[in-house]
$ cat my_file.csv   # CSV, C-alpha atoms
chain,number,residue,atom,x,y,z
I,11,MET,CA,-55.8,52.2,23.0
I,12,LYS,CA,-56.4,48.5,22.8
I,13,LYS,CA,-54.7,48.4,19.4
I,14,PHE,CA,-51.7,50.3,20.7
I,15,ALA,CA,-51.4,48.0,23.7
I,16,PHE,CA,-51.6,44.9,21.4
I,17,PHE,CA,-49.0,46.3,19.0
I,18,SER,CA,-46.6,47.3,21.8
I,19,ILE,CA,-46.8,43.8,23.3
I,20,LEU,CA,-46.2,42.3,19.9
I,21,ILE,CA,-43.2,44.5,19.3
I,22,LEU,CA,-41.9,43.7,22.8
I,23,LEU,CA,-42.2,40.0,22.1
I,24,ILE,CA,-40.4,40.3,18.8
I,25,LEU,CA,-37.7,42.4,20.3
I,26,LYS,CA,-37.3,39.9,23.2
I,27,SER,CA,-36.8,37.0,20.8
I,28,TYR,CA,-34.2,39.0,18.8
I,29,ALA,CA,-32.6,40.7,21.8
I,30,GLN,CA,-29.7,38.3,22.5
I,31,ASP,CA,-29.3,36.4,19.3
I,32,ILE,CA,-31.0,36.2,16.0
I,33,ASP,CA,-32.5,32.9,16.7
I,34,PHE,CA,-35.9,31.5,17.5
I,35,TYR,CA,-35.0,28.7,19.9
I,36,HIS,CA,-34.4,29.0,23.5
I,37,LYS,CA,-30.9,29.0,25.1
I,38,ASN,CA,-30.4,28.5,28.8
I,39,GLN,CA,-28.4,31.0,30.8
I,40,ASN,CA,-26.4,28.3,32.5
I,41,ASP,CA,-25.3,26.5,29.3
I,42,ASN,CA,-21.8,27.8,29.7
I,43,PHE,CA,-21.4,26.3,33.1
I,44,SER,CA,-22.4,22.7,32.4
I,45,PHE,CA,-19.4,20.3,32.5
I,46,GLN,CA,-19.9,17.3,30.3
I,47,ASN,CA,-18.4,13.9,30.8
I,48,LEU,CA,-16.1,13.9,27.8
I,49,PRO,CA,-14.3,11.0,26.3
I,50,ASN,CA,-10.6,10.8,27.4
I,51,ASP,CA,-9.0,11.2,24.0
I,52,MET,CA,-11.2,14.0,22.7
I,53,SER,CA,-9.3,17.0,21.5
I,54,PHE,CA,-10.2,20.6,22.1
I,55,GLU,CA,-10.9,21.2,18.4
I,56,GLU,CA,-13.4,18.3,18.4
I,57,TYR,CA,-15.1,19.7,21.6
I,58,ASP,CA,-15.2,23.2,20.0
I,59,LEU,CA,-16.8,21.8,16.8
I,60,LEU,CA,-19.4,20.0,18.8
I,61,ALA,CA,-20.2,23.0,20.9
I,62,SER,CA,-20.8,25.3,18.0
I,63,ASN,CA,-24.0,25.5,16.0
I,64,PHE,CA,-24.9,27.2,12.8
I,65,ARG,CA,-27.1,30.1,13.7
I,66,MET,CA,-28.9,32.8,11.8
I,67,GLN,CA,-26.4,35.4,13.0
I,68,ASP,CA,-23.6,33.5,11.2
I,69,MET,CA,-25.3,34.5,7.9
I,70,ILE,CA,-24.9,38.2,8.8
I,71,PHE,CA,-21.4,37.7,10.1
I,72,SER,CA,-20.5,35.8,6.9
I,73,ALA,CA,-21.5,38.9,4.9
I,74,ILE,CA,-19.2,41.1,7.0
I,75,VAL,CA,-16.3,38.6,7.4
I,76,PRO,CA,-16.1,36.5,4.3
I,77,GLY,CA,-15.5,32.8,5.0
I,78,TYR,CA,-16.8,33.1,8.6
I,79,VAL,CA,-18.9,29.9,8.5
I,80,HIS,CA,-15.9,27.9,7.2
I,81,PHE,CA,-13.7,29.4,9.8
I,82,LYS,CA,-16.2,28.3,12.4
I,83,ALA,CA,-16.2,24.8,10.8
I,84,LYS,CA,-12.4,24.8,11.1
I,85,ASP,CA,-12.0,24.5,7.4
I,86,LYS,CA,-9.3,27.1,7.1
I,87,ILE,CA,-8.1,26.5,3.5
I,88,THR,CA,-11.6,26.9,2.1
I,89,ALA,CA,-12.3,29.9,4.4
I,90,TYR,CA,-9.1,31.7,3.3
I,91,SER,CA,-9.9,31.0,-0.4
I,92,ILE,CA,-13.4,32.5,0.1
I,93,LEU,CA,-11.9,35.5,1.8
I,94,ALA,CA,-9.5,35.9,-1.1
I,95,VAL,CA,-12.2,35.6,-3.7
I,96,GLN,CA,-14.5,38.1,-1.9
I,97,THR,CA,-11.6,40.6,-1.4
I,98,VAL,CA,-10.5,40.4,-5.1
I,99,SER,CA,-14.1,40.7,-6.3
I,100,ALA,CA,-14.8,43.7,-4.0
I,101,ALA,CA,-11.6,45.4,-5.1
I,102,THR,CA,-12.4,44.9,-8.8
I,103,PHE,CA,-15.9,46.2,-8.3
I,104,ALA,CA,-14.6,49.3,-6.4
I,105,TYR,CA,-12.0,50.0,-9.1
I,106,GLN,CA,-14.6,49.7,-11.9
I,107,ALA,CA,-17.0,52.0,-10.1
I,108,TYR,CA,-14.1,54.5,-9.6
I,109,TRP,CA,-13.3,54.3,-13.3
I,110,ILE,CA,-16.9,55.2,-14.3
I,111,ASN,CA,-16.8,58.1,-11.8
I,112,SER,CA,-13.5,59.3,-13.3
I,113,GLN,CA,-15.0,59.3,-16.8
I,114,VAL,CA,-17.9,61.4,-15.7
I,115,ASP,CA,-15.6,63.8,-13.8
I,116,SER,CA,-13.1,64.3,-16.6
I,117,PHE,CA,-15.7,65.1,-19.4
I,118,LYS,CA,-14.7,62.1,-21.5
I,119,LEU,CA,-18.4,61.1,-22.0
I,120,PHE,CA,-18.3,61.9,-25.8
I,121,GLN,CA,-15.3,59.8,-26.7
I,122,PRO,CA,-15.9,57.3,-29.6
I,123,ASN,CA,-14.7,54.2,-27.7
I,124,LEU,CA,-16.5,54.9,-24.5
I,125,GLN,CA,-19.5,52.7,-25.4
I,126,ASP,CA,-17.3,49.6,-25.8
I,127,ASP,CA,-15.4,50.5,-22.7
I,128,LEU,CA,-18.6,50.8,-20.7
I,129,LYS,CA,-19.8,47.5,-21.9
I,130,THR,CA,-16.6,45.7,-20.7
I,131,ASN,CA,-16.8,47.7,-17.5
I,132,SER,CA,-20.3,46.6,-16.7
I,133,PHE,CA,-19.4,43.0,-17.6
I,134,ILE,CA,-16.5,43.1,-15.2
I,135,MET,CA,-18.7,44.7,-12.5
I,136,GLY,CA,-21.4,42.1,-13.0
I,137,THR,CA,-18.9,39.2,-12.8
I,138,ALA,CA,-17.4,40.7,-9.6
I,139,LEU,CA,-20.9,41.0,-8.1
I,140,PHE,CA,-21.8,37.5,-9.1
I,141,SER,CA,-18.6,36.0,-7.7
I,142,MET,CA,-19.1,37.9,-4.4
I,143,GLY,CA,-22.7,36.6,-4.1
I,144,SER,CA,-21.8,33.1,-5.1
I,145,ALA,CA,-18.8,33.1,-2.7
I,146,TYR,CA,-21.2,34.3,0.1
I,147,LEU,CA,-23.8,31.6,-0.7
I,148,PHE,CA,-21.0,28.9,-0.9
I,149,ASP,CA,-19.7,30.0,2.5
I,150,VAL,CA,-23.1,29.7,4.1
I,151,ILE,CA,-24.4,26.5,2.5
I,152,HIS,CA,-21.2,24.6,2.2
I,153,GLY,CA,-20.0,25.8,5.6
I,154,LYS,CA,-23.1,24.5,7.3
I,155,TYR,CA,-22.7,21.2,5.5
I,156,ARG,CA,-19.0,20.9,6.5
I,157,LEU,CA,-19.8,21.8,10.1
I,158,LEU,CA,-22.7,19.2,10.3
I,159,LYS,CA,-20.5,16.5,8.7
I,160,LYS,CA,-17.7,17.1,11.1
I,161,GLN,CA,-20.0,17.1,14.1
I,162,ASN,CA,-21.6,13.8,12.8
I,163,ALA,CA,-18.2,12.2,12.3
I,164,ILE,CA,-17.2,13.1,15.9
I,165,ARG,CA,-20.5,11.9,17.4
I,166,TYR,CA,-20.3,8.7,15.4
I,167,LYS,CA,-16.8,8.0,16.4
I,168,TYR,CA,-17.2,8.4,20.1
I,169,SER,CA,-20.6,6.8,20.4
I,170,MET,CA,-19.4,3.8,18.5
I,171,LYS,CA,-16.4,3.5,20.7
I,172,ALA,CA,-18.6,3.8,23.8
I,173,SER,CA,-20.9,1.1,22.5
I,174,PHE,CA,-18.0,-1.2,21.7
I,175,SER,CA,-16.6,-0.9,25.2
I,176,SER,CA,-18.5,-3.2,27.6
I,177,ASN,CA,-17.9,-0.7,30.4
I,178,TYR,CA,-21.5,0.6,30.5
I,179,PHE,CA,-21.5,1.6,34.2
I,180,LEU,CA,-18.8,4.2,34.0
I,181,ASN,CA,-19.7,5.4,30.6
I,182,GLN,CA,-22.3,8.1,31.0
I,183,ALA,CA,-23.4,7.9,27.3
I,184,ASN,CA,-24.9,4.5,28.0
I,185,TYR,CA,-26.0,5.1,31.6
I,186,LEU,CA,-29.7,5.5,32.2
I,187,SER,CA,-30.7,7.5,35.2
I,188,TYR,CA,-33.7,9.4,36.6
I,189,ASN,CA,-33.4,13.1,36.7
I,190,PHE,CA,-35.5,15.7,38.4
I,191,SER,CA,-35.1,19.4,37.6
I,192,LEU,CA,-37.0,22.6,37.7
I,193,LYS,CA,-36.8,25.1,34.9
I,194,PHE,CA,-38.0,28.7,35.0
I,195,TYR,CA,-38.4,30.6,31.8
I,196,PHE,CA,-38.9,34.4,31.8
S,15,MET,CA,-21.4,-6.5,52.2
S,16,LYS,CA,-23.4,-5.5,49.1
S,17,LYS,CA,-21.7,-2.1,49.1
S,18,ILE,CA,-18.3,-3.7,49.1
S,19,GLN,CA,-19.3,-5.9,46.2
S,20,ILE,CA,-20.5,-3.0,44.2
S,21,ILE,CA,-17.4,-0.9,44.9
S,22,THR,CA,-15.1,-3.8,43.9
S,23,LEU,CA,-17.1,-4.3,40.7
S,24,LEU,CA,-16.8,-0.6,39.9
S,25,LEU,CA,-13.1,-0.6,40.6
S,26,PHE,CA,-12.7,-3.7,38.4
S,27,LEU,CA,-14.6,-2.0,35.6
S,28,GLY,CA,-12.5,1.1,36.1
S,29,PHE,CA,-9.2,-0.7,35.8
S,30,SER,CA,-10.4,-2.9,32.9
S,31,SER,CA,-11.4,0.2,30.9
S,32,ASN,CA,-7.7,0.8,30.0
S,33,SER,CA,-7.1,-2.6,28.6
S,34,GLN,CA,-10.4,-2.4,26.6
S,35,ASN,CA,-9.2,0.7,24.9
S,36,LEU,CA,-7.1,-1.2,22.4
S,37,ASP,CA,-9.8,-3.7,21.6
S,38,VAL,CA,-12.3,-0.9,21.1
S,39,GLU,CA,-9.8,0.9,18.8
S,40,ILE,CA,-9.3,-2.3,16.7
S,41,ARG,CA,-13.1,-2.9,16.4
S,42,TYR,CA,-13.6,0.7,15.3
S,43,LEU,CA,-10.8,0.6,12.8
S,44,ASP,CA,-12.3,-2.6,11.4
S,45,LEU,CA,-15.7,-0.9,11.1
S,46,ILE,CA,-14.5,2.2,9.3
S,47,ASN,CA,-12.0,0.4,7.1
S,48,THR,CA,-14.8,-1.8,5.8
S,49,GLN,CA,-17.0,1.3,5.1
S,50,GLN,CA,-14.1,2.8,3.1
S,51,ASP,CA,-15.2,6.3,4.3
S,52,LYS,CA,-12.1,8.4,3.9
S,53,TYR,CA,-13.5,11.2,6.1
S,54,LEU,CA,-14.2,8.9,9.1
S,55,ILE,CA,-10.8,7.2,8.7
S,56,LYS,CA,-8.9,10.6,8.6
S,57,ASP,CA,-10.9,11.8,11.6
S,58,ASN,CA,-9.9,8.7,13.6
S,59,LEU,CA,-6.1,8.8,12.8
S,60,ARG,CA,-5.3,11.1,15.7
S,61,ASN,CA,-7.0,8.8,18.2
S,62,ALA,CA,-5.4,5.7,16.7
S,63,GLU,CA,-1.9,7.3,16.8
S,64,LEU,CA,-2.4,8.2,20.5
S,65,VAL,CA,-3.0,4.5,21.2
S,66,ALA,CA,0.0,3.5,19.0
S,67,ASP,CA,2.3,5.9,20.9
S,68,SER,CA,1.1,4.6,24.3
S,69,LEU,CA,1.8,1.0,23.1
S,70,LEU,CA,5.4,1.9,22.4
S,71,TRP,CA,6.0,2.1,26.2
S,72,LYS,CA,4.5,-1.4,26.6
S,73,ILE,CA,6.9,-3.0,24.1
S,74,GLU,CA,8.1,-5.6,26.6
S,75,ASN,CA,4.8,-7.3,27.1
S,76,TYR,CA,2.4,-7.3,24.1
S,77,ASN,CA,-0.1,-9.8,22.7
S,78,ASP,CA,-1.4,-10.5,19.2
S,79,SER,CA,-4.1,-7.9,19.5
S,80,VAL,CA,-1.4,-5.2,19.5
S,81,SER,CA,0.0,-6.6,16.3
S,82,LEU,CA,-3.5,-6.7,14.8
S,83,PHE,CA,-4.1,-3.1,15.8
S,84,PHE,CA,-1.1,-2.0,13.7
S,85,ILE,CA,-2.2,-4.0,10.7
S,86,LYS,CA,-5.6,-2.4,10.9
S,87,LEU,CA,-4.0,1.1,11.2
S,88,ALA,CA,-1.8,0.4,8.2
S,89,GLU,CA,-5.0,-0.6,6.3
S,90,SER,CA,-6.5,2.8,7.2
S,91,TYR,CA,-3.4,4.6,5.8
S,92,ARG,CA,-3.6,2.5,2.6
S,93,ILE,CA,-7.2,3.5,2.1
S,94,LEU,CA,-6.2,7.1,2.4
S,95,LYS,CA,-3.3,6.4,-0.1
S,96,ASN,CA,-0.8,7.6,2.5
S,97,TYR,CA,1.6,4.8,1.6
S,98,GLU,CA,4.6,6.3,3.5
S,99,MET,CA,2.7,6.2,6.8
S,100,ALA,CA,1.3,2.7,5.9
S,101,LEU,CA,4.8,1.4,5.4
S,102,TYR,CA,6.0,2.9,8.7
S,103,THR,CA,3.0,1.4,10.5
S,104,ILE,CA,3.7,-2.1,9.0
S,105,ASN,CA,7.4,-1.7,10.0
S,106,ARG,CA,6.2,-0.9,13.5
S,107,GLN,CA,4.2,-4.1,13.5
S,108,ARG,CA,6.9,-6.3,12.0
S,109,ILE,CA,9.8,-5.0,14.0
S,110,LEU,CA,8.4,-3.9,17.4
S,111,PHE,CA,5.2,-6.1,17.7
S,112,TRP,CA,5.9,-9.2,15.5
S,113,SER,CA,3.2,-11.9,15.5
S,114,ASP,CA,3.6,-15.2,13.8
S,115,SER,CA,-0.2,-15.6,13.2
S,116,LEU,CA,-0.3,-12.4,11.1
S,117,GLU,CA,2.9,-13.0,9.1
S,118,LYS,CA,1.2,-13.6,5.7
S,119,LEU,CA,-1.1,-10.6,5.9
S,120,SER,CA,1.7,-8.4,7.1
S,121,THR,CA,4.1,-9.5,4.3
S,122,PHE,CA,1.4,-8.9,1.7
S,123,TYR,CA,0.8,-5.4,3.0
S,124,LEU,CA,4.6,-4.7,3.2
S,125,THR,CA,5.4,-5.8,-0.3
S,126,ASP,CA,2.4,-3.9,-1.8
S,127,THR,CA,3.0,-0.6,0.0
S,128,TYR,CA,6.8,-0.9,-0.4
S,129,HIS,CA,6.4,-0.8,-4.2
S,130,LYS,CA,4.0,2.1,-4.0
S,131,CYS,CA,6.5,4.2,-2.0
S,132,ASN,CA,9.2,3.9,-4.7
S,133,LEU,CA,11.9,3.0,-2.2
S,134,ASN,CA,14.1,1.1,-4.6
S,135,ASN,CA,17.5,2.2,-3.1
S,136,VAL,CA,17.0,0.5,0.2
S,137,LYS,CA,15.6,-2.9,-0.8
S,138,GLN,CA,17.6,-4.8,1.9
S,139,PHE,CA,15.4,-3.2,4.6
S,140,SER,CA,12.1,-4.5,3.3
S,141,TYR,CA,11.9,-7.8,5.1
S,142,VAL,CA,13.4,-6.9,8.5
S,143,LYS,CA,11.6,-8.8,11.3
S,144,GLY,CA,11.7,-8.2,15.0
S,145,VAL,CA,12.2,-11.8,15.9
S,146,ASN,CA,14.7,-13.0,18.6
S,147,ILE,CA,16.3,-9.6,19.0
S,148,SER,CA,16.4,-7.2,22.0
S,149,ILE,CA,14.2,-4.2,22.4
S,150,GLU,CA,17.2,-1.9,21.8
S,151,GLU,CA,17.9,-3.6,18.5
S,152,LYS,CA,14.2,-3.4,17.6
S,153,ILE,CA,14.2,0.4,18.0
S,154,ILE,CA,17.5,0.8,16.0
S,155,LYS,CA,16.1,-1.4,13.2
S,156,LEU,CA,12.8,0.5,13.1
S,157,PHE,CA,14.8,3.8,13.0
S,158,ALA,CA,17.0,2.5,10.2
S,159,THR,CA,14.1,1.2,8.1
S,160,SER,CA,12.0,4.3,8.6
S,161,PHE,CA,14.7,7.0,8.1
S,162,PHE,CA,14.7,6.5,4.4
S,163,ILE,CA,10.9,7.1,3.9
S,164,ASN,CA,10.6,10.5,2.5
S,165,SER,CA,7.5,11.9,4.3
S,166,LYS,CA,7.1,14.7,6.8
S,167,GLU,CA,4.7,12.7,9.0
S,168,VAL,CA,7.1,9.8,9.2
S,169,ASN,CA,10.1,12.1,9.7
S,170,ILE,CA,8.5,13.6,12.9
S,171,ARG,CA,7.9,10.1,14.3
S,172,VAL,CA,11.4,9.0,13.4
S,173,GLU,CA,12.9,12.0,15.2
S,174,ASN,CA,10.6,11.2,18.2
S,175,LEU,CA,12.1,7.7,18.2
S,176,ILE,CA,15.5,9.2,19.1
S,177,ILE,CA,13.9,10.9,22.2
S,178,PHE,CA,12.2,7.6,23.1
S,179,TYR,CA,15.5,5.7,22.8
S,180,GLU,CA,17.3,8.2,25.1
S,181,GLN,CA,14.5,8.1,27.7
S,182,TYR,CA,13.9,4.3,27.6
S,183,PHE,CA,17.5,3.0,27.6
S,184,ASN,CA,19.5,6.0,29.0
S,185,LYS,CA,22.5,5.1,26.8
S,186,ASP,CA,24.7,6.6,24.1
S,187,LEU,CA,22.8,7.0,20.8
S,188,PRO,CA,23.5,4.5,18.0
S,189,TYR,CA,25.1,5.5,14.6
S,190,GLY,CA,22.0,6.4,12.7
S,191,MET,CA,20.5,8.5,15.4
S,192,ILE,CA,23.7,10.5,16.0
S,193,VAL,CA,24.0,11.2,12.2
S,194,CYS,CA,20.3,12.3,12.1
S,195,ARG,CA,20.8,14.5,15.1
S,196,VAL,CA,24.0,16.2,13.8
S,197,LEU,CA,22.5,16.8,10.3
S,198,ASN,CA,19.3,18.2,11.9
S,199,SER,CA,21.1,20.6,14.2
S,200,VAL,CA,23.1,21.9,11.2
S,201,GLY,CA,19.8,22.6,9.4
S,202,ILE,CA,19.9,20.1,6.5
S,203,SER,CA,16.5,18.9,5.3
S,204,HIS,CA,15.4,15.3,5.6
S,205,LYS,CA,15.4,14.9,1.8
S,206,LYS,CA,19.1,15.8,1.6
S,207,GLN,CA,19.9,13.7,4.7
S,208,ILE,CA,18.6,10.6,2.9
S,209,ARG,CA,20.9,11.3,-0.1
S,210,LEU,CA,23.9,11.9,2.2
S,211,VAL,CA,24.0,8.9,4.4
S,212,ASN,CA,24.8,5.3,3.7
S,213,PRO,CA,21.9,2.9,4.4
S,214,LYS,CA,24.2,0.0,5.2
S,215,HIS,CA,25.8,1.8,8.1
S,216,PHE,CA,22.3,2.4,9.5
S,217,ILE,CA,21.2,-1.2,9.6
S,218,ASP,CA,24.6,-2.6,10.7
S,219,ASN,CA,24.7,0.0,13.5
S,220,LYS,CA,28.3,0.9,12.8
S,221,ALA,CA,30.3,2.7,15.5
S,222,PHE,CA,30.3,6.5,15.0
S,223,ASP,CA,33.6,8.0,13.9
S,224,SER,CA,33.2,11.8,13.6
S,225,GLN,CA,36.3,12.2,11.5
S,226,GLU,CA,35.3,9.6,9.0
S,227,PHE,CA,31.7,11.0,8.9
S,228,ILE,CA,32.9,14.5,8.1
S,229,ASN,CA,35.3,13.3,5.5
S,230,ASN,CA,32.5,11.5,3.6
S,231,LEU,CA,30.3,14.6,3.5
S,232,PRO,CA,30.3,17.1,0.5
S,233,PRO,CA,32.5,20.2,1.2
S,234,ARG,CA,29.5,22.6,1.5
S,235,ILE,CA,27.9,20.5,4.2
S,236,THR,CA,31.3,20.0,6.0
S,237,LYS,CA,31.6,23.8,6.1
S,238,LYS,CA,28.1,24.0,7.6
S,239,VAL,CA,29.0,21.4,10.2
S,240,PHE,CA,32.1,23.3,11.3
S,241,LYS,CA,30.2,26.6,11.4
S,242,ASN,CA,27.6,25.2,13.7
S,243,SER,CA,30.0,23.0,15.7
S,244,HIS,CA,29.3,25.0,18.9
S,245,ILE,CA,25.6,23.7,18.7
S,246,ILE,CA,26.6,20.1,18.1
$ encode --input "my_file.csv" --output "structure tokens"
Amino acid sequence: MKKFAFFSILILLILKSYAQDIDFYHKNQNDNFSFQNLPNDMSFEEYDLLASNFRMQDMIFSAIVPGYVHFKAKDKITAYSILAVQTVSAATFAYQAYWINSQVDSFKLFQPNLQDDLKTNSFIMGTALFSMGSAYLFDVIHGKYRLLKKQNAIRYKYSMKASFSSNYFLNQANYLSYNFSLKFYF
Amino acid sequence: MKKIQIITLLLFLGFSSNSQNLDVEIRYLDLINTQQDKYLIKDNLRNAELVADSLLWKIENYNDSVSLFFIKLAESYRILKNYEMALYTINRQRILFWSDSLEKLSTFYLTDTYHKCNLNNVKQFSYVKGVNISIEEKIIKLFATSFFINSKEVNIRVENLIIFYEQYFNKDLPYGMIVCRVLNSVGISHKKQIRLVNPKHFIDNKAFDSQEFINNLPPRITKKVFKNSHII
């Protein structure tokens, strides 16, 4: 009974951490309602980039929607090229699989050139699979790098400009204050 | 009493923040230009152009720091190898916001970028200065010098100059701007427009004669102009 209780609590805890998002860190409920003191000349695209993080769920989304991470990083040219590569590779793989199936169905298995044809077929299928995998990995790894670089560039730009301006009182980035808050976690 | 002092201090800081914007932009441009980081420079261009556009409305009263800002911005464009925009920016500095103290630097940048843009057909425009001329003439000269730069980014800004001229002076448009507007409304690309017009008429601000203008156009384009005459 004790074991059952222990495992049920363990499963509940795991499910809780995976319930909303596939991430391990905490996210406040009121995150969407906090209004930041933004720089005057910040564009929505910059704000959007800073507000987005690379999360574990993006790896799954990237497998479903090729180029998802690059789309998130607003790198549309690379994202569309990944989408094209993935689509072409998947189409090639599907066609080659269909070809093998048709050979089996139409009793052409004992043809003399079939061995060579199958070799080329498997090579094309392998290449398609490899390009699909590498495009996926490129999307995840390079996409994260691009997103971080863009975020760092925006942070560097506005924090440098804030430190250059001598207006420390009105600039909240350089304004020190005491805060008191209560947080309840459930 | 203390409260009033604090409020006045805060108000002063609030009002001074606008004037500091330009100095901050110059310092930041200087910082990223020395780093030669193309990504940072490209990222900052939008913000710098926002400041540049706002300065256009303060053309009557400007100081040397405005001129310096355009030099630094041109330097950024040169690092990115966007020589067309660099040339347009130097022209903005030389014609709209001329400064004697920056003459040598500006002339060096102008000659260097001018050769890189391959603008051999309009050599007479290269050394136009905005000294001892009215604001209206400055805008016309900037338009004339920039019209012949073949770049999409520059073309958009040149077309915006027409809107600025109309709003700022509330007058009839000069020769170059009328020609540009007519050819745009007919649907002729900027590349073709550059080949069709005479650079001398642009800089001299010749009086616009519609009959003469149409007679000088090739027959295909004349037909297009007559077809779309209801739009013009």
$ closest_atom_pairs --input "my_file.csv" --of "chain I" --to "chain S" --cutoff "12 Å" --atoms "only C-alpha atoms" --output "Markdown table"
| residue | atom | partner | partner_atom | distance |
| --- | --- | --- | --- | --- |
| I:Pro49 | CA | S:Asn61 | CA | 11.1 |
| I:Asn50 | CA | S:Asn61 | CA | 10.1 |
| I:Asp51 | CA | S:Asn61 | CA | 6.6 |
| I:Met52 | CA | S:Asn61 | CA | 8.1 |
| I:Ser53 | CA | S:Asn61 | CA | 9.1 |
| I:Glu55 | CA | S:Asp57 | CA | 11.6 |
| I:Glu56 | CA | S:Asp57 | CA | 9.7 |
| I:Arg156 | CA | S:Tyr53 | CA | 11.2 |
| I:Lys159 | CA | S:Tyr53 | CA | 9.2 |
| I:Lys160 | CA | S:Asp57 | CA | 8.6 |
| I:Gln161 | CA | S:Asp57 | CA | 10.8 |
| I:Asn162 | CA | S:Leu54 | CA | 9.6 |
| I:Ala163 | CA | S:Leu54 | CA | 6.1 |
| I:Ile164 | CA | S:Asp57 | CA | 7.7 |
| I:Arg165 | CA | S:Leu54 | CA | 10.8 |
| I:Tyr166 | CA | S:Leu54 | CA | 8.8 |
| I:Lys167 | CA | S:Asn58 | CA | 7.5 |
| I:Tyr168 | CA | S:Tyr42 | CA | 9.8 |
| I:Ser169 | CA | S:Tyr42 | CA | 10.6 |
| I:Met170 | CA | S:Tyr42 | CA | 7.3 |
| I:Lys171 | CA | S:Val38 | CA | 6.0 |
| I:Ala172 | CA | S:Val38 | CA | 8.3 |
| I:Ser173 | CA | S:Val38 | CA | 8.9 |
| I:Phe174 | CA | S:Val38 | CA | 5.7 |
| I:Ser175 | CA | S:Val38 | CA | 5.9 |
| I:Ser176 | CA | S:Gln34 | CA | 8.2 |
| I:Asn177 | CA | S:Leu27 | CA | 6.3 |
| I:Tyr178 | CA | S:Leu27 | CA | 9.0 |
| I:Phe179 | CA | S:Leu24 | CA | 7.7 |
| I:Leu180 | CA | S:Gly28 | CA | 7.3 |
| I:Asn181 | CA | S:Ser31 | CA | 9.8 |
$ atom_distance --input "my_file.csv" --atom1 "CA of Ile149 (chain S)" --atom2 "CA of Leu70 (chain S)"
10.7 Å
$ residues_around --input "my_file.csv" --residues "region 191-206 of chain S" --least-positions-apart "3" --cutoff "10 Å" --atoms "all atoms listed in the file" --output "PyMOL selection string"
chain S and resi 154+157-158+161-166+169+172-173+175-177+179+186-188+209-211+216+219+222+224+227+235-236+238-243+245-246
$ residues_around --input "my_file.csv" --residues "region 109-120 of chain S" --least-positions-apart "3" --cutoff "12 Å" --atoms "all atoms listed in the file" --output "CSV table (one decimal) with C-alpha atoms, in the frame of the given file"
chain,number,residue,atom,x,y,z
S,66,ALA,CA,0.0,3.5,19.0
S,69,LEU,CA,1.8,1.0,23.1
S,70,LEU,CA,5.4,1.9,22.4
S,71,TRP,CA,6.0,2.1,26.2
S,72,LYS,CA,4.5,-1.4,26.6
S,73,ILE,CA,6.9,-3.0,24.1
S,74,GLU,CA,8.1,-5.6,26.6
S,75,ASN,CA,4.8,-7.3,27.1
S,76,TYR,CA,2.4,-7.3,24.1
S,77,ASN,CA,-0.1,-9.8,22.7
S,78,ASP,CA,-1.4,-10.5,19.2
S,79,SER,CA,-4.1,-7.9,19.5
S,80,VAL,CA,-1.4,-5.2,19.5
S,81,SER,CA,0.0,-6.6,16.3
S,82,LEU,CA,-3.5,-6.7,14.8
S,83,PHE,CA,-4.1,-3.1,15.8
S,84,PHE,CA,-1.1,-2.0,13.7
S,85,ILE,CA,-2.2,-4.0,10.7
S,86,LYS,CA,-5.6,-2.4,10.9
S,87,LEU,CA,-4.0,1.1,11.2
S,88,ALA,CA,-1.8,0.4,8.2
S,89,GLU,CA,-5.0,-0.6,6.3
S,100,ALA,CA,1.3,2.7,5.9
S,101,LEU,CA,4.8,1.4,5.4
S,102,TYR,CA,6.0,2.9,8.7
S,103,THR,CA,3.0,1.4,10.5
S,104,ILE,CA,3.7,-2.1,9.0
S,105,ASN,CA,7.4,-1.7,10.0
S,106,ARG,CA,6.2,-0.9,13.5
S,123,TYR,CA,0.8,-5.4,3.0
S,124,LEU,CA,4.6,-4.7,3.2
S,125,THR,CA,5.4,-5.8,-0.3
S,126,ASP,CA,2.4,-3.9,-1.8
S,127,THR,CA,3.0,-0.6,0.0
S,128,TYR,CA,6.8,-0.9,-0.4
S,139,PHE,CA,15.4,-3.2,4.6
S,140,SER,CA,12.1,-4.5,3.3
S,141,TYR,CA,11.9,-7.8,5.1
S,142,VAL,CA,13.4,-6.9,8.5
S,143,LYS,CA,11.6,-8.8,11.3
S,144,GLY,CA,11.7,-8.2,15.0
S,145,VAL,CA,12.2,-11.8,15.9
S,146,ASN,CA,14.7,-13.0,18.6
S,147,ILE,CA,16.3,-9.6,19.0
S,148,SER,CA,16.4,-7.2,22.0
S,149,ILE,CA,14.2,-4.2,22.4
S,150,GLU,CA,17.2,-1.9,21.8
S,151,GLU,CA,17.9,-3.6,18.5
S,152,LYS,CA,14.2,-3.4,17.6
S,153,ILE,CA,14.2,0.4,18.0
S,154,ILE,CA,17.5,0.8,16.0
S,155,LYS,CA,16.1,-1.4,13.2
S,156,LEU,CA,12.8,0.5,13.1
S,157,PHE,CA,14.8,3.8,13.0
S,158,ALA,CA,17.0,2.5,10.2
S,159,THR,CA,14.1,1.2,8.1
S,160,SER,CA,12.0,4.3,8.6
$ atom_distance --input "my_file.csv" --atom1 "CA of Leu60 (chain I)" --atom2 "CA of Met142 (chain I)"
29.3 Å
$ atom_distance --input "my_file.csv" --atom1 "CA of Lys52 (chain S)" --atom2 "CA of Ser68 (chain S)"
24.6 Å
$ residues_around --input "my_file.csv" --residues "Glu167 (chain S)" --least-positions-apart "3" --cutoff "9 Å" --atoms "all atoms listed in the file" --output "ChimeraX atom specification"
/S:98-99,170-172
$ write_last_selection --input "my_file.csv" --atoms "C-alpha atoms" --output "short mmCIF file (atom, residue, chain, number, x, y, z; two decimals), keeping the file's coordinate frame"
data_model
loop_
_atom_site.label_atom_id
_atom_site.label_comp_id
_atom_site.auth_asym_id
_atom_site.auth_seq_id
_atom_site.Cartn_x
_atom_site.Cartn_y
_atom_site.Cartn_z
CA GLU S 98 4.60 6.30 3.50
CA MET S 99 2.70 6.20 6.80
CA ILE S 170 8.50 13.60 12.90
CA ARG S 171 7.90 10.10 14.30
CA VAL S 172 11.40 9.00 13.40
#
